[in-house]
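Quick look at final_32.pdb (PDB, C-alpha atoms and all ligand atoms):
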```
ATOM      1  CA  MET A 253     -27.541 -12.428   6.508  1.00  0.00           C
ATOM      2  CA  PHE A 254     -23.779 -12.120   7.103  1.00  0.00           C
ATOM      3  CA  ASN A 255     -22.877 -15.706   7.128  1.00  0.00           C
ATOM      4  CA  LEU A 256     -19.348 -17.013   6.920  1.00  0.00           C
ATOM      5  CA  PHE A 257     -20.911 -20.326   5.933  1.00  0.00           C
ATOM      6  CA  ASP A 258     -22.542 -18.728   2.920  1.00  0.00           C
ATOM      7  CA  PRO A 259     -20.766 -20.382  -0.038  1.00  0.00           C
ATOM      8  CA  VAL A 260     -21.442 -17.280  -2.151  1.00  0.00           C
ATOM      9  CA  TYR A 261     -19.361 -15.241   0.303  1.00  0.00           C
ATOM     10  CA  TRP A 262     -16.386 -17.529  -0.247  1.00  0.00           C
ATOM     11  CA  LEU A 263     -16.920 -17.350  -3.994  1.00  0.00           C
ATOM     12  CA  PHE A 264     -16.186 -13.620  -3.712  1.00  0.00           C
ATOM     13  CA  ALA A 265     -13.609 -13.841  -0.915  1.00  0.00           C
ATOM     14  CA  ILE A 266     -11.344 -16.649  -2.152  1.00  0.00           C
ATOM     15  CA  PRO A 267      -9.959 -14.997  -5.335  1.00  0.00           C
ATOM     16  CA  GLY A 268      -8.892 -11.942  -3.306  1.00  0.00           C
ATOM     17  CA  LEU A 269      -7.398 -14.125  -0.573  1.00  0.00           C
ATOM     18  CA  LEU A 270      -5.443 -16.250  -3.036  1.00  0.00           C
ATOM     19  CA  LEU A 271      -4.200 -13.209  -4.936  1.00  0.00           C
ATOM     20  CA  GLY A 272      -3.135 -11.653  -1.617  1.00  0.00           C
ATOM     21  CA  ILE A 273      -1.223 -14.777  -0.571  1.00  0.00           C
ATOM     22  CA  TRP A 274       0.423 -15.025  -3.996  1.00  0.00           C
ATOM     23  CA  ALA A 275       1.456 -11.345  -3.844  1.00  0.00           C
ATOM     24  CA  GLN A 276       2.920 -11.821  -0.351  1.00  0.00           C
ATOM     25  CA  ILE A 277       4.900 -14.860  -1.504  1.00  0.00           C
ATOM     26  CA  LYS A 278       6.209 -12.934  -4.530  1.00  0.00           C
ATOM     27  CA  LEU A 279       7.197  -9.985  -2.331  1.00  0.00           C
ATOM     28  CA  SER A 280       8.889 -12.205   0.257  1.00  0.00           C
ATOM     29  CA  SER A 281      10.836 -14.010  -2.425  1.00  0.00           C
ATOM     30  CA  ALA A 282      11.889 -10.871  -4.363  1.00  0.00           C
ATOM     31  CA  TYR A 283      12.731  -8.953  -1.187  1.00  0.00           C
ATOM     32  CA  GLY A 284      14.491 -11.982   0.308  1.00  0.00           C
ATOM     33  CA  LYS A 285      16.583 -12.463  -2.817  1.00  0.00           C
ATOM     34  CA  TYR A 286      17.627  -8.847  -3.356  1.00  0.00           C
ATOM     35  CA  SER A 287      18.269  -8.119   0.333  1.00  0.00           C
ATOM     36  CA  GLN A 288      21.170 -10.545  -0.124  1.00  0.00           C
ATOM     37  CA  VAL A 289      22.549  -8.661  -3.126  1.00  0.00           C
ATOM     38  CA  PRO A 290      24.951  -5.853  -2.112  1.00  0.00           C
ATOM     39  CA  VAL A 291      24.462  -2.602  -4.003  1.00  0.00           C
ATOM     40  CA  GLU A 292      27.521  -1.583  -6.044  1.00  0.00           C
ATOM     41  CA  SER A 293      27.439   2.028  -4.801  1.00  0.00           C
ATOM     42  CA  GLY A 294      27.827   0.721  -1.246  1.00  0.00           C
ATOM     43  CA  LEU A 295      25.061   3.056  -0.024  1.00  0.00           C
ATOM     44  CA  SER A 296      22.644   2.106   2.743  1.00  0.00           C
ATOM     45  CA  GLY A 297      18.915   2.637   2.231  1.00  0.00           C
ATOM     46  CA  ALA A 298      19.062   5.670   4.537  1.00  0.00           C
ATOM     47  CA  GLU A 299      21.960   7.185   2.584  1.00  0.00           C
ATOM     48  CA  ALA A 300      20.246   6.618  -0.760  1.00  0.00           C
ATOM     49  CA  ALA A 301      17.043   8.231   0.537  1.00  0.00           C
ATOM     50  CA  ARG A 302      19.076  11.183   1.870  1.00  0.00           C
ATOM     51  CA  GLU A 303      20.701  11.650  -1.562  1.00  0.00           C
ATOM     52  CA  ILE A 304      17.344  11.661  -3.353  1.00  0.00           C
ATOM     53  CA  LEU A 305      15.704  14.011  -0.837  1.00  0.00           C
ATOM     54  CA  ASP A 306      18.637  16.439  -0.760  1.00  0.00           C
ATOM     55  CA  HIS A 307      18.824  16.588  -4.562  1.00  0.00           C
ATOM     56  CA  ALA A 308      15.123  17.516  -4.602  1.00  0.00           C
ATOM     57  CA  GLY A 309      15.735  20.264  -2.045  1.00  0.00           C
ATOM     58  CA  LEU A 310      13.989  18.282   0.705  1.00  0.00           C
ATOM     59  CA  THR A 311      16.844  18.686   3.186  1.00  0.00           C
ATOM     60  CA  ASN A 312      14.286  19.290   5.953  1.00  0.00           C
ATOM     61  CA  VAL A 313      12.686  15.829   5.542  1.00  0.00           C
ATOM     62  CA  PRO A 314      14.373  13.523   8.086  1.00  0.00           C
ATOM     63  CA  VAL A 315      15.063   9.823   7.429  1.00  0.00           C
ATOM     64  CA  GLU A 316      14.466   7.781  10.582  1.00  0.00           C
ATOM     65  CA  GLU A 317      14.799   4.142  11.547  1.00  0.00           C
ATOM     66  CA  ILE A 318      11.748   2.227  12.837  1.00  0.00           C
ATOM     67  CA  PRO A 319      11.334  -1.352  14.037  1.00  0.00           C
ATOM     68  CA  GLY A 320       9.415  -4.005  12.090  1.00  0.00           C
ATOM     69  CA  ARG A 321       9.829  -5.801   8.802  1.00  0.00           C
ATOM     70  CA  LEU A 322       8.764  -3.822   5.693  1.00  0.00           C
ATOM     71  CA  SER A 323       7.305  -1.159   7.993  1.00  0.00           C
ATOM     72  CA  ASP A 324       8.800   1.510   5.703  1.00  0.00           C
ATOM     73  CA  HIS A 325       6.617   4.531   4.973  1.00  0.00           C
ATOM     74  CA  TYR A 326       6.543   8.253   4.355  1.00  0.00           C
ATOM     75  CA  ASP A 327       4.471  10.205   6.873  1.00  0.00           C
ATOM     76  CA  PRO A 328       2.985  13.282   5.134  1.00  0.00           C
ATOM     77  CA  MET A 329       1.787  14.786   8.446  1.00  0.00           C
ATOM     78  CA  LYS A 330       5.260  14.658   9.994  1.00  0.00           C
ATOM     79  CA  ARG A 331       6.923  15.208   6.611  1.00  0.00           C
ATOM     80  CA  ALA A 332       9.363  12.467   7.550  1.00  0.00           C
ATOM     81  CA  LEU A 333      10.565   9.209   6.055  1.00  0.00           C
ATOM     82  CA  PHE A 334      10.589   6.063   8.181  1.00  0.00           C
ATOM     83  CA  LEU A 335      12.645   3.044   7.152  1.00  0.00           C
ATOM     84  CA  SER A 336      12.657  -0.388   8.791  1.00  0.00           C
ATOM     85  CA  SER A 337      16.030  -1.318  10.337  1.00  0.00           C
ATOM     86  CA  ASP A 338      16.758  -3.718   7.450  1.00  0.00           C
ATOM     87  CA  ASP A 339      16.264  -1.000   4.832  1.00  0.00           C
ATOM     88  CA  PHE A 340      17.723   1.837   6.896  1.00  0.00           C
ATOM     89  CA  ASN A 341      21.022   0.032   7.440  1.00  0.00           C
ATOM     90  CA  GLY A 342      21.021  -2.449   4.555  1.00  0.00           C
ATOM     91  CA  ARG A 343      23.473  -1.808   1.724  1.00  0.00           C
ATOM     92  CA  THR A 344      21.536  -3.990  -0.680  1.00  0.00           C
ATOM     93  CA  VAL A 345      19.519  -3.622  -3.874  1.00  0.00           C
ATOM     94  CA  ALA A 346      16.292  -4.273  -1.910  1.00  0.00           C
ATOM     95  CA  ALA A 347      17.067  -1.724   0.837  1.00  0.00           C
ATOM     96  CA  VAL A 348      18.006   1.006  -1.645  1.00  0.00           C
ATOM     97  CA  GLY A 349      14.958   0.219  -3.824  1.00  0.00           C
ATOM     98  CA  VAL A 350      12.489   0.441  -0.920  1.00  0.00           C
ATOM     99  CA  ALA A 351      14.158   3.575   0.487  1.00  0.00           C
ATOM    100  CA  ALA A 352      13.933   5.225  -2.944  1.00  0.00           C
ATOM    101  CA  HIS A 353      10.247   4.264  -3.222  1.00  0.00           C
ATOM    102  CA  GLU A 354       9.458   5.955   0.107  1.00  0.00           C
ATOM    103  CA  SER A 355      11.451   8.999  -1.050  1.00  0.00           C
ATOM    104  CA  GLY A 356       9.192   8.918  -4.117  1.00  0.00           C
ATOM    105  CA  HIS A 357       6.221   9.617  -1.822  1.00  0.00           C
ATOM    106  CA  ALA A 358       8.050  12.642  -0.400  1.00  0.00           C
ATOM    107  CA  LEU A 359       8.619  13.847  -3.983  1.00  0.00           C
ATOM    108  CA  GLN A 360       4.888  13.392  -4.715  1.00  0.00           C
ATOM    109  CA  HIS A 361       4.070  15.459  -1.652  1.00  0.00           C
ATOM    110  CA  GLN A 362       6.495  18.190  -2.716  1.00  0.00           C
ATOM    111  CA  ALA A 363       5.088  18.218  -6.270  1.00  0.00           C
ATOM    112  CA  ALA A 364       1.504  18.333  -4.878  1.00  0.00           C
ATOM    113  CA  TYR A 365       0.743  15.299  -7.071  1.00  0.00           C
ATOM    114  CA  GLY A 366      -3.063  15.252  -7.301  1.00  0.00           C
ATOM    115  CA  LEU A 367      -3.783  11.647  -6.381  1.00  0.00           C
ATOM    116  CA  PHE A 368      -1.341  11.809  -3.474  1.00  0.00           C
ATOM    117  CA  ASN A 369      -3.386  14.679  -2.039  1.00  0.00           C
ATOM    118  CA  VAL A 370      -6.655  12.808  -2.638  1.00  0.00           C
ATOM    119  CA  ARG A 371      -5.218   9.772  -0.851  1.00  0.00           C
ATOM    120  CA  MET A 372      -4.020  11.909   2.056  1.00  0.00           C
ATOM    121  CA  ALA A 373      -7.502  13.447   2.395  1.00  0.00           C
ATOM    122  CA  LEU A 374      -9.071   9.980   2.378  1.00  0.00           C
ATOM    123  CA  VAL A 375      -6.896   8.626   5.214  1.00  0.00           C
ATOM    124  CA  PRO A 376      -8.971   9.938   8.158  1.00  0.00           C
ATOM    125  CA  VAL A 377     -12.252   9.047   6.397  1.00  0.00           C
ATOM    126  CA  THR A 378     -11.017   5.506   5.727  1.00  0.00           C
ATOM    127  CA  GLN A 379      -9.729   5.100   9.281  1.00  0.00           C
ATOM    128  CA  PHE A 380     -13.109   6.157  10.646  1.00  0.00           C
ATOM    129  CA  ALA A 381     -14.967   3.882   8.220  1.00  0.00           C
ATOM    130  CA  SER A 382     -12.901   0.791   9.060  1.00  0.00           C
ATOM    131  CA  ALA A 383     -13.158   1.501  12.797  1.00  0.00           C
ATOM    132  CA  ALA A 384     -16.930   2.045  12.575  1.00  0.00           C
ATOM    133  CA  TYR A 385     -17.446  -1.049  10.435  1.00  0.00           C
ATOM    134  CA  LEU A 386     -17.154  -3.666  13.191  1.00  0.00           C
ATOM    135  CA  GLY A 387     -19.175  -1.633  15.678  1.00  0.00           C
ATOM    136  CA  ILE A 388     -22.041  -1.210  13.200  1.00  0.00           C
ATOM    137  CA  PHE A 389     -21.935  -4.888  12.330  1.00  0.00           C
ATOM    138  CA  VAL A 390     -22.226  -5.991  15.982  1.00  0.00           C
ATOM    139  CA  LEU A 391     -24.808  -3.337  16.876  1.00  0.00           C
ATOM    140  CA  GLY A 392     -26.924  -4.136  13.827  1.00  0.00           C
ATOM    141  CA  ALA A 393     -26.817  -7.854  14.585  1.00  0.00           C
ATOM    142  CA  LEU A 394     -27.758  -7.306  18.241  1.00  0.00           C
ATOM    143  CA  MET A 395     -30.653  -4.992  17.413  1.00  0.00           C
ATOM    144  CA  GLY A 396     -31.871  -7.009  14.468  1.00  0.00           C
ATOM    145  CA  LEU A 397     -31.469  -3.980  12.217  1.00  0.00           C
ATOM    146  CA  MET A 398     -29.558  -5.840   9.583  1.00  0.00           C
ATOM    147  CA  LYS A 399     -30.982  -3.904   6.665  1.00  0.00           C
ATOM    148  CA  ILE A 400     -29.796  -0.518   7.936  1.00  0.00           C
ATOM    149  CA  ALA A 401     -26.527  -2.028   9.137  1.00  0.00           C
ATOM    150  CA  LEU A 402     -26.001  -3.481   5.659  1.00  0.00           C
ATOM    151  CA  ILE A 403     -26.441  -0.107   3.961  1.00  0.00           C
ATOM    152  CA  ILE A 404     -23.951   1.534   6.336  1.00  0.00           C
ATOM    153  CA  ILE A 405     -21.496  -1.325   5.928  1.00  0.00           C
ATOM    154  CA  ILE A 406     -21.709  -1.008   2.137  1.00  0.00           C
ATOM    155  CA  ALA A 407     -20.952   2.711   2.481  1.00  0.00           C
ATOM    156  CA  THR A 408     -17.902   2.037   4.689  1.00  0.00           C
ATOM    157  CA  PHE A 409     -16.704  -0.649   2.282  1.00  0.00           C
ATOM    158  CA  ALA A 410     -17.149   1.732  -0.643  1.00  0.00           C
ATOM    159  CA  VAL A 411     -14.911   4.262   1.124  1.00  0.00           C
ATOM    160  CA  THR A 412     -12.233   1.625   1.740  1.00  0.00           C
ATOM    161  CA  THR A 413     -12.429   0.452  -1.874  1.00  0.00           C
ATOM    162  CA  LEU A 414     -12.095   4.016  -3.139  1.00  0.00           C
ATOM    163  CA  PHE A 415      -9.028   4.413  -0.918  1.00  0.00           C
ATOM    164  CA  GLN A 416      -7.461   1.251  -2.386  1.00  0.00           C
ATOM    165  CA  LEU A 417      -8.315   2.472  -5.887  1.00  0.00           C
ATOM    166  CA  VAL A 418      -6.522   5.792  -5.325  1.00  0.00           C
ATOM    167  CA  THR A 419      -3.591   4.088  -3.556  1.00  0.00           C
ATOM    168  CA  LEU A 420      -2.706   1.954  -6.575  1.00  0.00           C
ATOM    169  CA  PRO A 421      -1.612   4.712  -9.031  1.00  0.00           C
ATOM    170  CA  VAL A 422       0.047   6.584  -6.134  1.00  0.00           C
ATOM    171  CA  GLU A 423       2.194   3.522  -5.391  1.00  0.00           C
ATOM    172  CA  TYR A 424       3.124   2.951  -9.040  1.00  0.00           C
ATOM    173  CA  ASP A 425       3.991   6.614  -9.434  1.00  0.00           C
ATOM    174  CA  ALA A 426       6.222   6.566  -6.306  1.00  0.00           C
ATOM    175  CA  SER A 427       8.127   3.596  -7.745  1.00  0.00           C
ATOM    176  CA  ARG A 428       8.452   5.334 -11.109  1.00  0.00           C
ATOM    177  CA  ARG A 429       9.888   8.440  -9.407  1.00  0.00           C
ATOM    178  CA  ALA A 430      12.165   6.221  -7.282  1.00  0.00           C
ATOM    179  CA  LYS A 431      13.689   4.457 -10.298  1.00  0.00           C
ATOM    180  CA  GLU A 432      14.081   7.740 -12.176  1.00  0.00           C
ATOM    181  CA  GLN A 433      16.070   9.281  -9.283  1.00  0.00           C
ATOM    182  CA  LEU A 434      18.121   6.150  -8.566  1.00  0.00           C
ATOM    183  CA  PHE A 435      19.392   6.007 -12.137  1.00  0.00           C
ATOM    184  CA  ARG A 436      19.687   9.756 -12.675  1.00  0.00           C
ATOM    185  CA  LEU A 437      21.793  10.194  -9.534  1.00  0.00           C
ATOM    186  CA  GLY A 438      23.779   7.036 -10.256  1.00  0.00           C
ATOM    187  CA  LEU A 439      22.776   5.421  -6.952  1.00  0.00           C
ATOM    188  CA  VAL A 440      22.249   2.074  -8.656  1.00  0.00           C
ATOM    189  CA  HIS A 441      23.985   0.732 -11.710  1.00  0.00           C
ATOM    190  CA  GLU A 442      22.566  -0.516 -14.993  1.00  0.00           C
ATOM    191  CA  ASP A 443      22.778  -4.192 -13.988  1.00  0.00           C
ATOM    192  CA  GLU A 444      20.895  -3.500 -10.737  1.00  0.00           C
ATOM    193  CA  ARG A 445      17.797  -2.101 -12.486  1.00  0.00           C
ATOM    194  CA  THR A 446      16.107  -5.492 -12.754  1.00  0.00           C
ATOM    195  CA  GLY A 447      16.507  -6.170  -9.034  1.00  0.00           C
ATOM    196  CA  VAL A 448      15.059  -2.805  -8.029  1.00  0.00           C
ATOM    197  CA  SER A 449      12.130  -3.266 -10.437  1.00  0.00           C
ATOM    198  CA  LYS A 450      11.402  -6.782  -9.200  1.00  0.00           C
ATOM    199  CA  VAL A 451      11.238  -5.702  -5.556  1.00  0.00           C
ATOM    200  CA  LEU A 452       9.087  -2.637  -6.282  1.00  0.00           C
ATOM    201  CA  ASP A 453       6.773  -4.458  -8.710  1.00  0.00           C
ATOM    202  CA  ALA A 454       6.224  -7.224  -6.147  1.00  0.00           C
ATOM    203  CA  ALA A 455       5.392  -4.609  -3.488  1.00  0.00           C
ATOM    204  CA  ALA A 456       2.910  -2.957  -5.870  1.00  0.00           C
ATOM    205  CA  LEU A 457       1.255  -6.310  -6.482  1.00  0.00           C
ATOM    206  CA  THR A 458       0.149  -6.442  -2.828  1.00  0.00           C
ATOM    207  CA  TYR A 459      -1.812  -3.228  -3.472  1.00  0.00           C
ATOM    208  CA  VAL A 460      -3.398  -4.775  -6.576  1.00  0.00           C
ATOM    209  CA  ALA A 461      -4.458  -7.756  -4.438  1.00  0.00           C
ATOM    210  CA  ALA A 462      -5.917  -5.451  -1.777  1.00  0.00           C
ATOM    211  CA  LEU A 463      -7.935  -3.602  -4.425  1.00  0.00           C
ATOM    212  CA  VAL A 464      -9.263  -6.779  -6.070  1.00  0.00           C
ATOM    213  CA  SER A 465     -10.213  -8.123  -2.650  1.00  0.00           C
ATOM    214  CA  ALA A 466     -12.011  -4.903  -1.701  1.00  0.00           C
ATOM    215  CA  VAL A 467     -13.910  -4.721  -5.014  1.00  0.00           C
ATOM    216  CA  LEU A 468     -15.075  -8.340  -4.762  1.00  0.00           C
ATOM    217  CA  GLN A 469     -16.266  -7.912  -1.164  1.00  0.00           C
ATOM    218  CA  LEU A 470     -18.119  -4.770  -2.170  1.00  0.00           C
ATOM    219  CA  ILE A 471     -19.829  -6.637  -5.018  1.00  0.00           C
ATOM    220  CA  TYR A 472     -20.797  -9.397  -2.585  1.00  0.00           C
ATOM    221  CA  LEU A 473     -22.336  -6.873  -0.189  1.00  0.00           C
ATOM    222  CA  LEU A 474     -24.232  -5.283  -3.079  1.00  0.00           C
ATOM    223  CA  THR A 475     -25.659  -8.661  -4.106  1.00  0.00           C
ATOM    224  CA  LEU A 476     -26.796  -9.138  -0.469  1.00  0.00           C
ATOM    225  CA  ALA A 477     -28.477  -5.753  -0.520  1.00  0.00           C
ATOM    226  CA  ARG A 478     -30.272  -6.614  -3.761  1.00  0.00           C
ATOM    227  CA  GLY A 479     -31.358  -9.934  -2.305  1.00  0.00           C
ATOM    228  CA  SER A 480     -32.700  -8.355   0.887  1.00  0.00           C
ATOM    229  CA  ARG A 481     -34.861  -5.913  -1.082  1.00  0.00           C
ATOM    230  CA  ARG A 482     -36.863  -8.697  -2.674  1.00  0.00           C
TER
HETATM  231 ZN    ZN B   1       4.460   3.379  -1.189  1.00  0.00          ZN
END
```
Re-express the file's structure as structure tokens.
Amino acid sequence: MFNLFDPVYWLFAIPGLLLGIWAQIKLSSAYGKYSQVPVESGLSGAEAAREILDHAGLTNVPVEEIPGRLSDHYDPMKRALFLSSDDFNGRTVAAVGVAAHESGHALQHQAAYGLFNVRMALVPVTQFASAAYLGIFVLGALMGLMKIALIIIIATFAVTTLFQLVTLPVEYDASRRAKEQLFRLGLVHEDERTGVSKVLDAAALTYVAALVSAVLQLIYLLTLARGSRR
């Protein structure tokens, strides 16, 4: 029933895959370009994040350096901001843009922004669902209980899709808050707005691709379920 050689599967999978690849290329190119452009304020990503957090009264939220490329994130459990070495130390439009975006998540947390809280609540559920997914698939296949396995897999996929759906506005809102603070505090200048927007828009596009991919796979699974009922 789950057949990678099923052409219908690829009909649903390919658009998401292509969109994902395109988004990654766009992000690599925008990030690559603007991580070569020095920011006029001379601030590093870490310093820009510190400015934004301190101005919001979040002096207790630390900004730490972590390894990896584009591994930047805000951890709501630790209430801490983690920036990749490139963005932590970089004094570029890209580094400051990404650092401000992650600070935007800290601002959402502080403001108890509704969707941010929903997303946070969905994290453990989604982690469980994606961990259980493969186990159920293998177990179902081994026991020949494909019908039950299919229903459970659809449920886990629905959870993941819901998570992607909630993530999208949260990401756009973090970027909106980031830009607002960057310009209000004078951390980037007028002529650097385009660069910041291009990097953050390209990053957001990867979340759009993830959502489209998840929705299409869910639709595929639902068509399988319909087919198996006949
Ligand atoms: Zn984000």
Report task. Please identify every polymer residue within 8 Å of ligand ZN 1 (chain B), using only C-alpha atoms and all ligand atoms, and present the set as a ChimeraX atom specification. Result -> /A:325-326,353-354,356-357,422-424,426-427
Requested in this report: Run the PyMOL selection byres (((chain A and resi 399) around 12) and not hetatm) against the file shown and list the residues it catches, as a ChimeraX atom specification.
Outcome: /A:253-254,388-389,391-393,395-398,400-406,473-474,476-481
Query - 8 Å contact set for Ser287 in chain A, only C-alpha atoms, chain neighbours under 2 positions out, as number ranges by chain - result: A: 283-285, 289-290, 342, 344-347
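Nearest-residue note for Leu305 in chain A: choosing from A:Arg429, A:Gln288, A:Ala282, A:Leu463, the minimum distance belongs to A:Arg429, counting only C-alpha atoms.
In terms of minimum interatomic distance to Pro421 in chain A, A:Leu367 ranks closest within A:Glu303, A:Ser465, A:Leu279, A:Leu367, counting all atoms listed in the file.
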If you keep N, CA and C atoms, can you output range 382-397 of chain A as a PDB file, in the first residue's frame?
```
ATOM      1  N   SER A 382       6.204  12.281  15.227  1.00  0.00           N
ATOM      2  CA  SER A 382       7.177  11.967  14.172  1.00  0.00           C
ATOM      3  C   SER A 382       8.099  10.817  14.587  1.00  0.00           C
ATOM      4  N   ALA A 383       8.265  10.632  15.907  1.00  0.00           N
ATOM      5  CA  ALA A 383       9.071   9.494  16.370  1.00  0.00           C
ATOM      6  C   ALA A 383       8.274   8.203  16.223  1.00  0.00           C
ATOM      7  N   ALA A 384       6.961   8.282  16.510  1.00  0.00           N
ATOM      8  CA  ALA A 384       6.103   7.095  16.470  1.00  0.00           C
ATOM      9  C   ALA A 384       5.842   6.651  15.033  1.00  0.00           C
ATOM     10  N   TYR A 385       5.871   7.613  14.125  1.00  0.00           N
ATOM     11  CA  TYR A 385       5.500   7.380  12.732  1.00  0.00           C
ATOM     12  C   TYR A 385       6.215   6.183  12.113  1.00  0.00           C
ATOM     13  N   LEU A 386       7.550   6.168  12.207  1.00  0.00           N
ATOM     14  CA  LEU A 386       8.340   5.125  11.555  1.00  0.00           C
ATOM     15  C   LEU A 386       8.095   3.769  12.214  1.00  0.00           C
ATOM     16  N   GLY A 387       8.007   3.784  13.545  1.00  0.00           N
ATOM     17  CA  GLY A 387       7.757   2.549  14.281  1.00  0.00           C
ATOM     18  C   GLY A 387       6.436   1.917  13.871  1.00  0.00           C
ATOM     19  N   ILE A 388       5.403   2.739  13.759  1.00  0.00           N
ATOM     20  CA  ILE A 388       4.062   2.252  13.391  1.00  0.00           C
ATOM     21  C   ILE A 388       4.089   1.688  11.970  1.00  0.00           C
ATOM     22  N   PHE A 389       4.789   2.407  11.109  1.00  0.00           N
ATOM     23  CA  PHE A 389       4.890   1.997   9.710  1.00  0.00           C
ATOM     24  C   PHE A 389       5.502   0.595   9.612  1.00  0.00           C
ATOM     25  N   VAL A 390       6.634   0.390  10.291  1.00  0.00           N
ATOM     26  CA  VAL A 390       7.345  -0.891  10.233  1.00  0.00           C
ATOM     27  C   VAL A 390       6.510  -1.990  10.886  1.00  0.00           C
ATOM     28  N   LEU A 391       5.963  -1.684  12.054  1.00  0.00           N
ATOM     29  CA  LEU A 391       5.161  -2.661  12.803  1.00  0.00           C
ATOM     30  C   LEU A 391       3.935  -3.082  11.987  1.00  0.00           C
ATOM     31  N   GLY A 392       3.258  -2.086  11.429  1.00  0.00           N
ATOM     32  CA  GLY A 392       2.066  -2.350  10.626  1.00  0.00           C
ATOM     33  C   GLY A 392       2.387  -3.231   9.439  1.00  0.00           C
ATOM     34  N   ALA A 393       3.516  -2.935   8.775  1.00  0.00           N
ATOM     35  CA  ALA A 393       3.921  -3.688   7.597  1.00  0.00           C
ATOM     36  C   ALA A 393       4.247  -5.125   7.984  1.00  0.00           C
ATOM     37  N   LEU A 394       4.945  -5.297   9.114  1.00  0.00           N
ATOM     38  CA  LEU A 394       5.343  -6.633   9.560  1.00  0.00           C
ATOM     39  C   LEU A 394       4.129  -7.465   9.943  1.00  0.00           C
ATOM     40  N   MET A 395       3.147  -6.829  10.584  1.00  0.00           N
ATOM     41  CA  MET A 395       1.989  -7.573  11.072  1.00  0.00           C
ATOM     42  C   MET A 395       0.867  -7.655  10.043  1.00  0.00           C
ATOM     43  N   GLY A 396       1.053  -6.980   8.933  1.00  0.00           N
ATOM     44  CA  GLY A 396       0.015  -6.992   7.911  1.00  0.00           C
ATOM     45  C   GLY A 396      -1.202  -6.173   8.300  1.00  0.00           C
ATOM     46  N   LEU A 397      -1.031  -5.297   9.284  1.00  0.00           N
ATOM     47  CA  LEU A 397      -2.170  -4.476   9.729  1.00  0.00           C
ATOM     48  C   LEU A 397      -2.098  -3.093   9.076  1.00  0.00           C
TER      49      LEU A 397
END
```
